[in-house]
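Chemist: Handing you this structure, nothing more for now.
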Amino acid sequence: MTERRAILSGSTFEEQIGYARAVVDGDWVHVSGTTGFDYTTMTISDDVVEQAEQCLRNIEAALAEAKCTFADVVRVRYLLPDREDFEPCWPVLRRCFGDVRPAATMLMCGLADHRMKIEIEVCARRATG
């Protein structure tokens with residue numbers, strides 16, 4: 001039977017909405033769309049680059065709990081309300097994904113809270129063996 005396990009970050013949104021930060025399903029790790037909230041304080045920066053950095057810290061923590069890293073990421077989706085905010089984030093994103101080169105998509109869309117300037121979702125495959 002395939003292992004299926006939910007990873008919770010402690011975000012109040014997980015309880016309020018009914019989802020997990022990530023789900024481990026066998027070798028696959030699906031990380032939910034993750035915003036720039038610091039879940040310990042439930043605060044968020046006004047700066048999109050700082051939000052991107054916090055998104056990645058939140059994702060990295062979920063990946064670590066699933067026993068994988070950014071090196072295992074095969075797919076990333078970036079969601080932003082304002083396309084002009086994407087390019088300033090590129091150096092931060094390149095630090096995590098530049099050597100990994102996952103398949104990637106950037107979408108413009110509204111996010112759940114007007115303070116959110118970027119949301120990042122990843123899918124990873126844990127190394128076997």
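Here's how to read the names in the structure tokens: chain A, B, ... by the order shown, residue numbers from 1 in each chain, ligand numbers from 1 in the order shown.
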Could you list, as a ChimeraX atom specification, every residue within 9 Å of Gly33 (chain A), counting only C-alpha atoms and ignoring same-chain residues fewer than 4 positions away?
Modeler: /A:21,77-79,119-122
Chemist: Identify all residues of chain A in strand (DSSP E or B) (DSSP on the backbone) and supply them as JSON, numbers by chain.
Modeler: {"A": [4, 5, 6, 7, 22, 23, 24, 25, 28, 29, 30, 31, 32, 33, 34, 35, 37, 38, 43, 44, 73, 74, 75, 76, 77, 78, 79, 80, 103, 104, 105, 106, 107, 108, 119, 120, 121, 122, 123, 124, 125]}
Chemist: Identify, on the basis of only C-alpha atoms, every residue whose closest approach to region 89-94 of chain A does not exceed 8 Å; exclude the query and any residue fewer than 4 positions from it along the same chain; express the result as a list of chain:residue names.
Modeler: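 In the requested form, the answer reads A:Val48, A:Val49, A:Ala52, A:Glu53, A:Asp85, A:Gly98, A:Asp99.
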Chemist: For the residues in the current selection, export N, CA and C atoms as an mmCIF file, in the first residue's frame.
Modeler:
```
data_model
loop_
_atom_site.group_PDB
_atom_site.id
_atom_site.type_symbol
_atom_site.label_atom_id
_atom_site.label_comp_id
_atom_site.auth_asym_id
_atom_site.auth_seq_id
_atom_site.Cartn_x
_atom_site.Cartn_y
_atom_site.Cartn_z
ATOM 1 N N VAL A 48 7.325 42.128 -2.318
ATOM 2 C CA VAL A 48 7.140 40.873 -3.044
ATOM 3 C C VAL A 48 8.370 39.970 -2.961
ATOM 4 N N VAL A 49 9.571 40.535 -2.980
ATOM 5 C CA VAL A 49 10.775 39.701 -2.902
ATOM 6 C C VAL A 49 10.870 39.045 -1.525
ATOM 7 N N ALA A 52 8.456 36.260 -1.507
ATOM 8 C CA ALA A 52 8.968 35.101 -2.241
ATOM 9 C C ALA A 52 9.956 34.323 -1.376
ATOM 10 N N GLU A 53 10.831 35.043 -0.673
ATOM 11 C CA GLU A 53 11.799 34.381 0.210
ATOM 12 C C GLU A 53 11.085 33.596 1.304
ATOM 13 N N ASP A 85 5.561 42.161 -10.719
ATOM 14 C CA ASP A 85 6.219 41.685 -9.498
ATOM 15 C C ASP A 85 7.061 40.429 -9.726
ATOM 16 N N GLY A 98 17.715 27.174 -9.819
ATOM 17 C CA GLY A 98 18.606 27.374 -10.958
ATOM 18 C C GLY A 98 19.342 26.128 -11.399
ATOM 19 N N ASP A 99 19.765 25.294 -10.440
ATOM 20 C CA ASP A 99 20.465 24.052 -10.791
ATOM 21 C C ASP A 99 19.497 22.894 -11.008
#
```
Chemist: Within 8 Å of Leu63 (chain A), counting only C-alpha atoms, which residues qualify if same-chain residues fewer than 6 places away don't, as a PyMOL selection string?
Modeler: chain A and resi 29+31+69-70
Chemist: Could you give me, as an NGL selection string, each residue of chain A that DSSP assigns to alpha helix (DSSP H) when run on this structure's backbone?
Modeler: :A and (12-13 or 48-65 or 86-97)
Chemist: Write the residues of the selection above to a file with C-alpha atoms, as a short mmCIF file (atom, residue, chain, number, x, y, z; two decimals), in the first residue's frame.
Modeler:
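Contents of the output file result35.cif:
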```
data_model
loop_
_atom_site.label_atom_id
_atom_site.label_comp_id
_atom_site.auth_asym_id
_atom_site.auth_seq_id
_atom_site.Cartn_x
_atom_site.Cartn_y
_atom_site.Cartn_z
CA THR A 12 -4.44 28.89 10.63
CA PHE A 13 -5.55 28.71 6.98
CA VAL A 48 7.14 40.87 -3.04
CA VAL A 49 10.77 39.70 -2.90
CA GLU A 50 10.57 39.22 0.86
CA GLN A 51 7.29 37.37 0.33
CA ALA A 52 8.97 35.10 -2.24
CA GLU A 53 11.80 34.38 0.21
CA GLN A 54 9.28 33.48 2.93
CA CYS A 55 7.28 31.32 0.49
CA LEU A 56 10.44 29.36 -0.23
CA ARG A 57 11.31 29.00 3.48
CA ASN A 58 7.79 27.65 4.08
CA ILE A 59 8.10 25.25 1.13
CA GLU A 60 11.58 24.16 2.19
CA ALA A 61 10.25 23.26 5.66
CA ALA A 62 7.45 21.15 4.14
CA LEU A 63 9.88 19.43 1.78
CA ALA A 64 12.26 18.68 4.66
CA GLU A 65 9.45 17.10 6.67
CA PHE A 86 7.57 38.49 -11.07
CA GLU A 87 10.93 39.64 -12.48
CA PRO A 88 12.18 41.17 -9.18
CA CYS A 89 11.75 37.67 -7.66
CA TRP A 90 13.87 35.88 -10.26
CA PRO A 91 17.18 36.00 -8.32
CA VAL A 92 15.50 34.46 -5.25
CA LEU A 93 13.83 31.77 -7.36
CA ARG A 94 17.07 31.05 -9.24
CA ARG A 95 18.87 30.39 -5.92
CA CYS A 96 16.48 27.51 -5.20
CA PHE A 97 15.76 26.22 -8.68
#
```
Chemist: Between CA of Cys68 (chain A) and CA of Val23 (chain A), what is the distance, to one decimal in Å?
Modeler: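 According to the coordinates, CA of Cys68 (chain A) and CA of Val23 (chain A) are separated by 12.6 Å.
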Chemist: Within 10 Å of Pro81 (chain A), counting only C-alpha atoms, which residues qualify if same-chain residues fewer than 4 places away don't, as a PyMOL selection string?
Modeler: chain A and resi 85-86+107-111+114+116-119
Chemist: Write the residues of the preceding selection, restricted to N, CA and C atoms, as a JSON list (two decimals), in the first residue's frame.
Modeler:
```
[["chain", "number", "residue", "atom", "x", "y", "z"],
["A", 85, "ASP", "N", 5.56, 42.16, -10.72],
["A", 85, "ASP", "CA", 6.22, 41.68, -9.50],
["A", 85, "ASP", "C", 7.06, 40.43, -9.73],
["A", 86, "PHE", "N", 6.89, 39.76, -10.86],
["A", 86, "PHE", "CA", 7.57, 38.49, -11.07],
["A", 86, "PHE", "C", 9.08, 38.65, -11.26],
["A", 107, "LEU", "N", 1.47, 32.20, -13.54],
["A", 107, "LEU", "CA", 0.10, 32.59, -13.85],
["A", 107, "LEU", "C", -0.24, 33.90, -13.15],
["A", 108, "MET", "N", -0.96, 34.74, -13.84],
["A", 108, "MET", "CA", -1.51, 35.96, -13.22],
["A", 108, "MET", "C", -2.92, 35.64, -12.74],
["A", 109, "CYS", "N", -3.17, 35.91, -11.46],
["A", 109, "CYS", "CA", -4.50, 35.65, -10.92],
["A", 109, "CYS", "C", -4.66, 36.41, -9.61],
["A", 110, "GLY", "N", -5.87, 36.55, -9.18],
["A", 110, "GLY", "CA", -6.12, 37.12, -7.87],
["A", 110, "GLY", "C", -5.78, 36.10, -6.80],
["A", 111, "LEU", "N", -5.27, 36.56, -5.66],
["A", 111, "LEU", "CA", -4.97, 35.67, -4.55],
["A", 111, "LEU", "C", -5.98, 35.91, -3.43],
["A", 114, "HIS", "N", -5.57, 40.38, -0.20],
["A", 114, "HIS", "CA", -4.99, 41.48, -0.98],
["A", 114, "HIS", "C", -3.52, 41.75, -0.61],
["A", 116, "MET", "N", -1.25, 39.45, -0.26],
["A", 116, "MET", "CA", -0.44, 38.42, -0.91],
["A", 116, "MET", "C", -0.04, 38.89, -2.30],
["A", 117, "LYS", "N", 1.27, 38.85, -2.57],
["A", 117, "LYS", "CA", 1.78, 39.28, -3.87],
["A", 117, "LYS", "C", 2.33, 38.14, -4.70],
["A", 118, "ILE", "N", 2.56, 36.98, -4.06],
["A", 118, "ILE", "CA", 3.06, 35.81, -4.78],
["A", 118, "ILE", "C", 2.65, 34.56, -4.00],
["A", 119, "GLU", "N", 2.34, 33.52, -4.75],
["A", 119, "GLU", "CA", 2.05, 32.21, -4.17],
["A", 119, "GLU", "C", 2.84, 31.21, -5.01]]
```
Chemist: CA of Ala127 (chain A) and CA of Gly26 (chain A), how far apart in Å?
Modeler: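 About the pair CA of Gly26 (chain A) and CA of Ala127 (chain A): they are 10.8 Å apart.
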Chemist: Given the choices A:Ala66, A:Tyr19, A:Thr40, A:Arg101, which gets closest to Glu3 (chain A) if the distance is worked out from only C-alpha atoms?
Modeler: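 Under the stated criterion, the closest residue is A:Ala66.
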